[in-house]
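Peer 1: Encoded as structure tokens, here's the structure I'll be asking about.
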Amino acid sequence: MSFYSDVVIPFFYDMAMDKPHIEEGRKNILKNVSGEVLEIGFGTGLNLPHYPPAVSKLTIIDKNPGMNKRAHGRISASKIKVDNMVLNGEELPFEDESFDSVVSTFTLCSIQNIDKALKEICRVLKPDGKFFFQEHGLANDLKIRKWQNRINPFQKIWADGCNLNRDIKLLIENAGFDITEIKNYFLEKGPKTHTFMYEGIACK
Ligand SMILES: C[S@@+](CC[C@H](N)C(=O)[O-])C[C@H]1O[C@@H](n2cnc3c(N)ncnc32)[C@H](O)[C@@H]1O
């Protein structure tokens, strides 16, 4: 890990994403999560205060130790039992069908081999489990898409591998999921290229 990924990115990420207009979506997607839960790309732990009491155990993974370091304060303050691991979501060290819920927020944009990671999520979910997602991605407007494609190479460099132009719905479906609920919208604040959201639930 470089100083930029390990220290600079987690510091700025926490500042930029700890905002009320983003928190609303987090609350909305997390309110129905239950049982044994896996969150991939936990980052600095901004979802943690929004998990409901129906969560019996939370396993969190992130590949960036710097992000994980910034999450420690939130983990200690939480009443939920948290199993914290620094590892790559493309290869999950869990048995097949071991989680009731898997959560991903603002993470599918930056996992390098996204198809592999989504297949892993599908594998570790119980047959009646649910995948909860709240992600930014490819917009539904052609002009915005054009700009997303133009600036994506620069975004990937300064934002630690984050892509602006991933079709999140298509990627989830291609991994074998059935999307049962989906909502698309723009976040209230921020450039349109960065704020087109896919929020929903998928089943196996
Ligand atoms: C933009 S942050 C989102 C953090 C958090 N989910 C949130 O909503 O605030 C993306 C996170 O995904 C993590 N990440 C990226 N690729 C990953 C991978 N292959 N495996 C696990 N975590 C990954 C990054 O380290 C980063 O912490």
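All residue names refer to the structure tokens as shown: chains lettered A, B, ... in order, residues numbered from 1 in each chain, ligands numbered from 1 in order.
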Residues of chain A that have any atom at most 7 Å from an atom of ligand 1: could you tabulate them with the shortest-distance atom pair and the distance in Å to one decimal, using only C-alpha atoms and all ligand atoms, ordered by chain and increasing number, as a Markdown table?
Peer 2:
| residue | atom | partner | partner_atom_place_in_ligand_line | distance |
| --- | --- | --- | --- | --- |
| A:Met17 | CA | ligand 1 | 9 (O) | 6.5 |
| A:Ile40 | CA | ligand 1 | 21 (C) | 5.9 |
| A:Gly41 | CA | ligand 1 | 12 (O) | 3.6 |
| A:Phe42 | CA | ligand 1 | 6 (N) | 4.4 |
| A:Gly43 | CA | ligand 1 | 27 (O) | 3.4 |
| A:Thr44 | CA | ligand 1 | 9 (O) | 6.2 |
| A:Gly45 | CA | ligand 1 | 9 (O) | 6.3 |
| A:Leu46 | CA | ligand 1 | 9 (O) | 5.1 |
| A:Asn47 | CA | ligand 1 | 8 (O) | 6.3 |
| A:Ile61 | CA | ligand 1 | 21 (C) | 6.0 |
| A:Asp62 | CA | ligand 1 | 22 (N) | 3.7 |
| A:Lys63 | CA | ligand 1 | 21 (C) | 4.2 |
| A:Asn64 | CA | ligand 1 | 25 (O) | 4.3 |
| A:Met67 | CA | ligand 1 | 27 (O) | 5.4 |
| A:Leu87 | CA | ligand 1 | 21 (C) | 5.9 |
| A:Asn88 | CA | ligand 1 | 20 (N) | 3.6 |
| A:Gly89 | CA | ligand 1 | 20 (N) | 3.6 |
| A:Glu90 | CA | ligand 1 | 19 (N) | 5.4 |
| A:Ser104 | CA | ligand 1 | 6 (N) | 6.0 |
| A:Thr105 | CA | ligand 1 | 8 (O) | 4.3 |
| A:Phe106 | CA | ligand 1 | 3 (C) | 4.6 |
| A:Thr107 | CA | ligand 1 | 10 (C) | 4.2 |
| A:Ser110 | CA | ligand 1 | 15 (C) | 4.9 |
| A:Ile111 | CA | ligand 1 | 16 (N) | 3.7 |
| A:Gln112 | CA | ligand 1 | 19 (N) | 5.9 |
Peer 1: Could you write those residues out with N, CA and C atoms, as an mmCIF file, in the first residue's frame?
Peer 2:
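Full text of out.cif as output:
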data_model
loop_
_atom_site.group_PDB
_atom_site.id
_atom_site.type_symbol
_atom_site.label_atom_id
_atom_site.label_comp_id
_atom_site.auth_asym_id
_atom_site.auth_seq_id
_atom_site.Cartn_x
_atom_site.Cartn_y
_atom_site.Cartn_z
ATOM 1 N N MET A 17 -17.597 11.604 2.687
ATOM 2 C CA MET A 17 -18.760 10.695 2.677
ATOM 3 C C MET A 17 -19.580 10.713 3.962
ATOM 4 N N ILE A 40 -18.871 -6.023 2.576
ATOM 5 C CA ILE A 40 -17.611 -5.982 1.818
ATOM 6 C C ILE A 40 -17.229 -4.520 1.552
ATOM 7 N N GLY A 41 -15.930 -4.232 1.640
ATOM 8 C CA GLY A 41 -15.453 -2.858 1.446
ATOM 9 C C GLY A 41 -15.985 -1.962 2.551
ATOM 10 N N PHE A 42 -15.728 -2.343 3.798
ATOM 11 C CA PHE A 42 -16.294 -1.664 4.967
ATOM 12 C C PHE A 42 -15.797 -0.226 5.088
ATOM 13 N N GLY A 43 -14.645 0.052 4.503
ATOM 14 C CA GLY A 43 -14.098 1.416 4.546
ATOM 15 C C GLY A 43 -13.862 1.874 5.960
ATOM 16 N N THR A 44 -14.315 3.105 6.270
ATOM 17 C CA THR A 44 -14.069 3.688 7.594
ATOM 18 C C THR A 44 -15.236 3.422 8.550
ATOM 19 N N GLY A 45 -16.194 2.610 8.126
ATOM 20 C CA GLY A 45 -17.260 2.182 9.048
ATOM 21 C C GLY A 45 -18.472 3.088 9.108
ATOM 22 N N LEU A 46 -18.728 3.835 8.036
ATOM 23 C CA LEU A 46 -19.840 4.802 8.075
ATOM 24 C C LEU A 46 -21.215 4.132 8.129
ATOM 25 N N ASN A 47 -21.291 2.845 7.759
ATOM 26 C CA ASN A 47 -22.596 2.148 7.846
ATOM 27 C C ASN A 47 -22.903 1.663 9.252
ATOM 28 N N ILE A 61 -15.092 -6.859 5.834
ATOM 29 C CA ILE A 61 -13.796 -7.009 5.169
ATOM 30 C C ILE A 61 -13.478 -5.746 4.369
ATOM 31 N N ASP A 62 -12.207 -5.448 4.282
ATOM 32 C CA ASP A 62 -11.721 -4.377 3.403
ATOM 33 C C ASP A 62 -10.278 -4.700 3.082
ATOM 34 N N LYS A 63 -9.873 -4.392 1.850
ATOM 35 C CA LYS A 63 -8.492 -4.759 1.486
ATOM 36 C C LYS A 63 -7.487 -3.688 1.916
ATOM 37 N N ASN A 64 -7.974 -2.505 2.306
ATOM 38 C CA ASN A 64 -7.060 -1.403 2.621
ATOM 39 C C ASN A 64 -6.876 -1.252 4.143
ATOM 40 N N MET A 67 -7.880 2.197 5.615
ATOM 41 C CA MET A 67 -9.330 2.399 5.810
ATOM 42 C C MET A 67 -9.723 1.713 7.111
ATOM 43 N N LEU A 87 -8.903 -8.061 4.010
ATOM 44 C CA LEU A 87 -8.678 -9.013 2.911
ATOM 45 C C LEU A 87 -9.414 -8.583 1.645
ATOM 46 N N ASN A 88 -9.062 -9.258 0.554
ATOM 47 C CA ASN A 88 -9.609 -8.918 -0.756
ATOM 48 C C ASN A 88 -10.949 -9.634 -0.981
ATOM 49 N N GLY A 89 -11.963 -8.874 -1.331
ATOM 50 C CA GLY A 89 -13.302 -9.423 -1.550
ATOM 51 C C GLY A 89 -13.405 -10.315 -2.777
ATOM 52 N N GLU A 90 -12.330 -10.377 -3.567
ATOM 53 C CA GLU A 90 -12.387 -11.240 -4.757
ATOM 54 C C GLU A 90 -12.202 -12.712 -4.384
ATOM 55 N N SER A 104 -23.104 -4.105 0.411
ATOM 56 C CA SER A 104 -22.050 -3.358 -0.272
ATOM 57 C C SER A 104 -22.546 -1.945 -0.529
ATOM 58 N N THR A 105 -21.823 -0.945 -0.007
ATOM 59 C CA THR A 105 -22.179 0.444 -0.311
ATOM 60 C C THR A 105 -20.941 1.171 -0.827
ATOM 61 N N PHE A 106 -21.069 1.808 -1.964
ATOM 62 C CA PHE A 106 -19.995 2.585 -2.598
ATOM 63 C C PHE A 106 -18.715 1.753 -2.751
ATOM 64 N N THR A 107 -18.861 0.470 -3.035
ATOM 65 C CA THR A 107 -17.700 -0.419 -3.107
ATOM 66 C C THR A 107 -17.574 -1.124 -4.456
ATOM 67 N N SER A 110 -15.125 0.095 -7.046
ATOM 68 C CA SER A 110 -13.661 0.090 -6.943
ATOM 69 C C SER A 110 -13.014 -1.288 -6.807
ATOM 70 N N ILE A 111 -13.806 -2.345 -6.758
ATOM 71 C CA ILE A 111 -13.190 -3.685 -6.727
ATOM 72 C C ILE A 111 -12.665 -3.986 -8.130
ATOM 73 N N GLN A 112 -11.402 -4.363 -8.200
ATOM 74 C CA GLN A 112 -10.780 -4.513 -9.520
ATOM 75 C C GLN A 112 -11.479 -5.594 -10.355
#
Peer 1: With a distance cut-off of 12 Å and only C-alpha atoms, select the neighbouring residues of region 29-31 of chain A, excluding the residue or stretch itself and same-chain residues fewer than 4 positions from it, and output the selection as number ranges by chain.
Peer 2: A: 22-25, 37, 39, 46-55, 101-105, 130-135, 181-183, 198-202
Peer 1: Take the residues from that selection and put them in a file with C-alpha atoms, as a PDB file, in the first residue's frame.
Peer 2:
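Generated output (again.pdb):
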ATOM      1  CA  ILE A  22     -25.560  10.247   1.898  1.00  0.00           C
ATOM      2  CA  GLU A  23     -26.541   8.964   5.342  1.00  0.00           C
ATOM      3  CA  GLU A  24     -30.220   8.909   4.303  1.00  0.00           C
ATOM      4  CA  GLY A  25     -29.554   6.209   1.688  1.00  0.00           C
ATOM      5  CA  VAL A  37     -24.158 -10.228   7.878  1.00  0.00           C
ATOM      6  CA  GLU A  39     -20.158  -6.213   4.607  1.00  0.00           C
ATOM      7  CA  LEU A  46     -19.840   4.802   8.075  1.00  0.00           C
ATOM      8  CA  ASN A  47     -22.596   2.148   7.846  1.00  0.00           C
ATOM      9  CA  LEU A  48     -22.032   0.796  11.315  1.00  0.00           C
ATOM     10  CA  PRO A  49     -24.370   3.117  13.298  1.00  0.00           C
ATOM     11  CA  HIS A  50     -27.239   2.255  10.916  1.00  0.00           C
ATOM     12  CA  TYR A  51     -27.374  -1.527  11.346  1.00  0.00           C
ATOM     13  CA  PRO A  52     -30.643  -2.588  13.033  1.00  0.00           C
ATOM     14  CA  PRO A  53     -30.920  -4.827  16.145  1.00  0.00           C
ATOM     15  CA  ALA A  54     -31.956  -7.745  13.868  1.00  0.00           C
ATOM     16  CA  VAL A  55     -28.262  -8.156  12.983  1.00  0.00           C
ATOM     17  CA  SER A 101     -27.247 -10.829   4.253  1.00  0.00           C
ATOM     18  CA  VAL A 102     -24.357  -9.322   2.318  1.00  0.00           C
ATOM     19  CA  VAL A 103     -23.989  -5.526   2.155  1.00  0.00           C
ATOM     20  CA  SER A 104     -22.050  -3.358  -0.272  1.00  0.00           C
ATOM     21  CA  THR A 105     -22.179   0.444  -0.311  1.00  0.00           C
ATOM     22  CA  LYS A 130     -30.218 -11.197   0.336  1.00  0.00           C
ATOM     23  CA  PHE A 131     -27.631  -8.915  -1.185  1.00  0.00           C
ATOM     24  CA  PHE A 132     -28.186  -5.254  -0.205  1.00  0.00           C
ATOM     25  CA  PHE A 133     -26.462  -2.641  -2.357  1.00  0.00           C
ATOM     26  CA  GLN A 134     -26.196   1.129  -2.585  1.00  0.00           C
ATOM     27  CA  GLU A 135     -23.727   2.039  -5.303  1.00  0.00           C
ATOM     28  CA  GLU A 181     -35.908  -4.187  -5.719  1.00  0.00           C
ATOM     29  CA  ILE A 182     -34.021  -1.359  -7.377  1.00  0.00           C
ATOM     30  CA  LYS A 183     -34.164   2.417  -7.230  1.00  0.00           C
ATOM     31  CA  TYR A 198     -28.297   2.117  -7.776  1.00  0.00           C
ATOM     32  CA  GLU A 199     -29.956   1.140  -4.502  1.00  0.00           C
ATOM     33  CA  GLY A 200     -31.632  -2.218  -4.050  1.00  0.00           C
ATOM     34  CA  ILE A 201     -31.866  -5.840  -2.995  1.00  0.00           C
ATOM     35  CA  ALA A 202     -30.893  -8.977  -4.943  1.00  0.00           C
TER      36      ALA A 202
END
Peer 1: Just the strand (DSSP E) stuff from chain A, please, per backbone DSSP, written as a PDB file with C-alpha atoms, in the first residue's frame.
Peer 2:
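And here is the file that came out, states-v2.pdb:
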ATOM      1  CA  GLY A  35     -29.022 -12.252  10.810  1.00  0.00           C
ATOM      2  CA  GLU A  36     -25.386 -13.034  10.114  1.00  0.00           C
ATOM      3  CA  VAL A  37     -24.158 -10.228   7.878  1.00  0.00           C
ATOM      4  CA  LEU A  38     -21.088  -9.737   5.687  1.00  0.00           C
ATOM      5  CA  GLU A  39     -20.158  -6.213   4.607  1.00  0.00           C
ATOM      6  CA  ILE A  40     -17.611  -5.982   1.818  1.00  0.00           C
ATOM      7  CA  VAL A  55     -28.262  -8.156  12.983  1.00  0.00           C
ATOM      8  CA  SER A  56     -26.845 -10.977  15.135  1.00  0.00           C
ATOM      9  CA  LYS A  57     -23.246 -10.821  13.924  1.00  0.00           C
ATOM     10  CA  LEU A  58     -21.377  -8.598  11.490  1.00  0.00           C
ATOM     11  CA  THR A  59     -18.312  -9.725   9.548  1.00  0.00           C
ATOM     12  CA  ILE A  60     -16.525  -6.902   7.769  1.00  0.00           C
ATOM     13  CA  ILE A  61     -13.796  -7.009   5.169  1.00  0.00           C
ATOM     14  CA  ASP A  62     -11.721  -4.377   3.403  1.00  0.00           C
ATOM     15  CA  VAL A  82     -17.927  -7.233  14.725  1.00  0.00           C
ATOM     16  CA  ASP A  83     -15.503  -9.686  13.161  1.00  0.00           C
ATOM     17  CA  ASN A  84     -13.004  -7.451  11.381  1.00  0.00           C
ATOM     18  CA  MET A  85     -10.756  -8.709   8.546  1.00  0.00           C
ATOM     19  CA  VAL A  86      -8.378  -7.036   6.123  1.00  0.00           C
ATOM     20  CA  PHE A  99     -24.496 -15.422   5.476  1.00  0.00           C
ATOM     21  CA  ASP A 100     -28.116 -14.239   5.676  1.00  0.00           C
ATOM     22  CA  SER A 101     -27.247 -10.829   4.253  1.00  0.00           C
ATOM     23  CA  VAL A 102     -24.357  -9.322   2.318  1.00  0.00           C
ATOM     24  CA  VAL A 103     -23.989  -5.526   2.155  1.00  0.00           C
ATOM     25  CA  SER A 104     -22.050  -3.358  -0.272  1.00  0.00           C
ATOM     26  CA  THR A 105     -22.179   0.444  -0.311  1.00  0.00           C
ATOM     27  CA  LEU A 125     -25.043 -16.121   0.647  1.00  0.00           C
ATOM     28  CA  LYS A 126     -27.537 -18.646   2.028  1.00  0.00           C
ATOM     29  CA  PRO A 127     -30.136 -19.837  -0.547  1.00  0.00           C
ATOM     30  CA  ASP A 128     -32.729 -17.465   0.957  1.00  0.00           C
ATOM     31  CA  GLY A 129     -30.143 -14.752   1.688  1.00  0.00           C
ATOM     32  CA  LYS A 130     -30.218 -11.197   0.336  1.00  0.00           C
ATOM     33  CA  PHE A 131     -27.631  -8.915  -1.185  1.00  0.00           C
ATOM     34  CA  PHE A 132     -28.186  -5.254  -0.205  1.00  0.00           C
ATOM     35  CA  PHE A 133     -26.462  -2.641  -2.357  1.00  0.00           C
ATOM     36  CA  GLN A 134     -26.196   1.129  -2.585  1.00  0.00           C
ATOM     37  CA  GLU A 135     -23.727   2.039  -5.303  1.00  0.00           C
ATOM     38  CA  HIS A 136     -22.907   4.832  -7.724  1.00  0.00           C
ATOM     39  CA  ASP A 178     -32.200 -11.834  -9.349  1.00  0.00           C
ATOM     40  CA  ILE A 179     -32.757  -8.161  -8.485  1.00  0.00           C
ATOM     41  CA  THR A 180     -36.029  -7.899  -6.552  1.00  0.00           C
ATOM     42  CA  GLU A 181     -35.908  -4.187  -5.719  1.00  0.00           C
ATOM     43  CA  ILE A 182     -34.021  -1.359  -7.377  1.00  0.00           C
ATOM     44  CA  LYS A 183     -34.164   2.417  -7.230  1.00  0.00           C
ATOM     45  CA  ASN A 184     -32.110   4.792  -9.386  1.00  0.00           C
ATOM     46  CA  TYR A 185     -31.612   8.420  -8.385  1.00  0.00           C
ATOM     47  CA  PHE A 186     -29.051  11.198  -8.204  1.00  0.00           C
ATOM     48  CA  PHE A 196     -26.075   8.388 -10.130  1.00  0.00           C
ATOM     49  CA  MET A 197     -27.159   5.735  -7.625  1.00  0.00           C
ATOM     50  CA  TYR A 198     -28.297   2.117  -7.776  1.00  0.00           C
ATOM     51  CA  GLU A 199     -29.956   1.140  -4.502  1.00  0.00           C
ATOM     52  CA  GLY A 200     -31.632  -2.218  -4.050  1.00  0.00           C
ATOM     53  CA  ILE A 201     -31.866  -5.840  -2.995  1.00  0.00           C
ATOM     54  CA  ALA A 202     -30.893  -8.977  -4.943  1.00  0.00           C
ATOM     55  CA  CYS A 203     -31.561 -12.668  -4.265  1.00  0.00           C
TER      56      CYS A 203
END
Peer 1: Select from region 132-200 of chain A everything DSSP, run on the backbone, classes as helix (DSSP H, G or I), then give the selection as a compact mmCIF listing (two decimals) with N, CA and C atoms, in the first residue's frame.
Peer 2:
# COMPACT_ATOMS: atom_id res chain seq x y z
N LEU A 142 -27.44 9.96 -21.59
CA LEU A 142 -26.32 9.73 -22.51
C LEU A 142 -25.22 10.77 -22.41
N LYS A 143 -25.63 12.04 -22.18
CA LYS A 143 -24.62 13.10 -22.07
C LYS A 143 -23.73 12.87 -20.84
N ILE A 144 -24.37 12.49 -19.74
CA ILE A 144 -23.59 12.24 -18.51
C ILE A 144 -22.70 11.02 -18.70
N ARG A 145 -23.23 10.00 -19.35
CA ARG A 145 -22.43 8.78 -19.62
C ARG A 145 -21.16 9.12 -20.39
N LYS A 146 -21.34 10.01 -21.38
CA LYS A 146 -20.19 10.38 -22.22
C LYS A 146 -19.08 10.96 -21.34
N TRP A 147 -19.49 11.84 -20.40
CA TRP A 147 -18.50 12.45 -19.50
C TRP A 147 -17.94 11.43 -18.52
N GLN A 148 -18.80 10.51 -18.09
CA GLN A 148 -18.30 9.46 -17.17
C GLN A 148 -17.20 8.66 -17.86
N ASN A 149 -17.44 8.31 -19.13
CA ASN A 149 -16.44 7.53 -19.86
C ASN A 149 -15.16 8.33 -20.09
N ARG A 150 -15.33 9.64 -20.38
CA ARG A 150 -14.15 10.50 -20.63
C ARG A 150 -13.27 10.62 -19.40
N ILE A 151 -13.88 10.87 -18.25
CA ILE A 151 -13.04 11.17 -17.07
C ILE A 151 -12.70 9.93 -16.24
N ASN A 152 -13.25 8.78 -16.63
CA ASN A 152 -13.01 7.58 -15.82
C ASN A 152 -11.51 7.24 -15.61
N PRO A 153 -10.68 7.35 -16.66
CA PRO A 153 -9.26 6.99 -16.43
C PRO A 153 -8.60 7.85 -15.35
N PHE A 154 -8.99 9.14 -15.26
CA PHE A 154 -8.41 10.03 -14.24
C PHE A 154 -8.99 9.72 -12.86
N GLN A 155 -10.30 9.45 -12.83
CA GLN A 155 -10.96 9.10 -11.57
C GLN A 155 -10.29 7.88 -10.93
N LYS A 156 -9.99 6.89 -11.78
CA LYS A 156 -9.39 5.65 -11.26
C LYS A 156 -8.05 5.94 -10.57
N ILE A 157 -7.31 6.91 -11.13
CA ILE A 157 -6.00 7.23 -10.55
C ILE A 157 -6.15 7.96 -9.22
N TRP A 158 -6.92 9.05 -9.22
CA TRP A 158 -6.94 9.85 -7.97
C TRP A 158 -7.85 9.26 -6.90
N ILE A 168 -24.08 -1.10 -12.69
CA ILE A 168 -24.17 -1.93 -11.49
C ILE A 168 -25.28 -2.99 -11.62
N LYS A 169 -26.40 -2.59 -12.19
CA LYS A 169 -27.53 -3.55 -12.32
C LYS A 169 -27.11 -4.74 -13.19
N LEU A 170 -26.50 -4.42 -14.33
CA LEU A 170 -26.08 -5.46 -15.25
C LEU A 170 -25.04 -6.39 -14.61
N LEU A 171 -24.09 -5.79 -13.90
CA LEU A 171 -23.03 -6.59 -13.26
C LEU A 171 -23.62 -7.55 -12.23
N ILE A 172 -24.58 -7.06 -11.45
CA ILE A 172 -25.19 -7.91 -10.41
C ILE A 172 -25.97 -9.05 -11.08
N GLU A 173 -26.72 -8.70 -12.11
CA GLU A 173 -27.51 -9.74 -12.82
C GLU A 173 -26.59 -10.76 -13.48
N ASN A 174 -25.51 -10.29 -14.07
CA ASN A 174 -24.58 -11.21 -14.76
C ASN A 174 -23.92 -12.20 -13.80
N LYS A 192 -22.99 15.28 -11.39
CA LYS A 192 -23.86 14.21 -11.91
C LYS A 192 -23.06 12.97 -12.33
N THR A 193 -21.83 13.17 -12.76
CA THR A 193 -20.99 12.04 -13.18
C THR A 193 -20.68 11.09 -12.01
N HIS A 194 -20.77 11.62 -10.78
CA HIS A 194 -20.35 10.84 -9.61
C HIS A 194 -21.53 10.42 -8.73
Peer 1: What is the CA of Glu95 (chain A)-CA of Ala77 (chain A) distance in Å, reported with one decimal?
Peer 2: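 Taking CA of Glu95 (chain A) as the start and CA of Ala77 (chain A) as the end point, the length is 28.9 Å.
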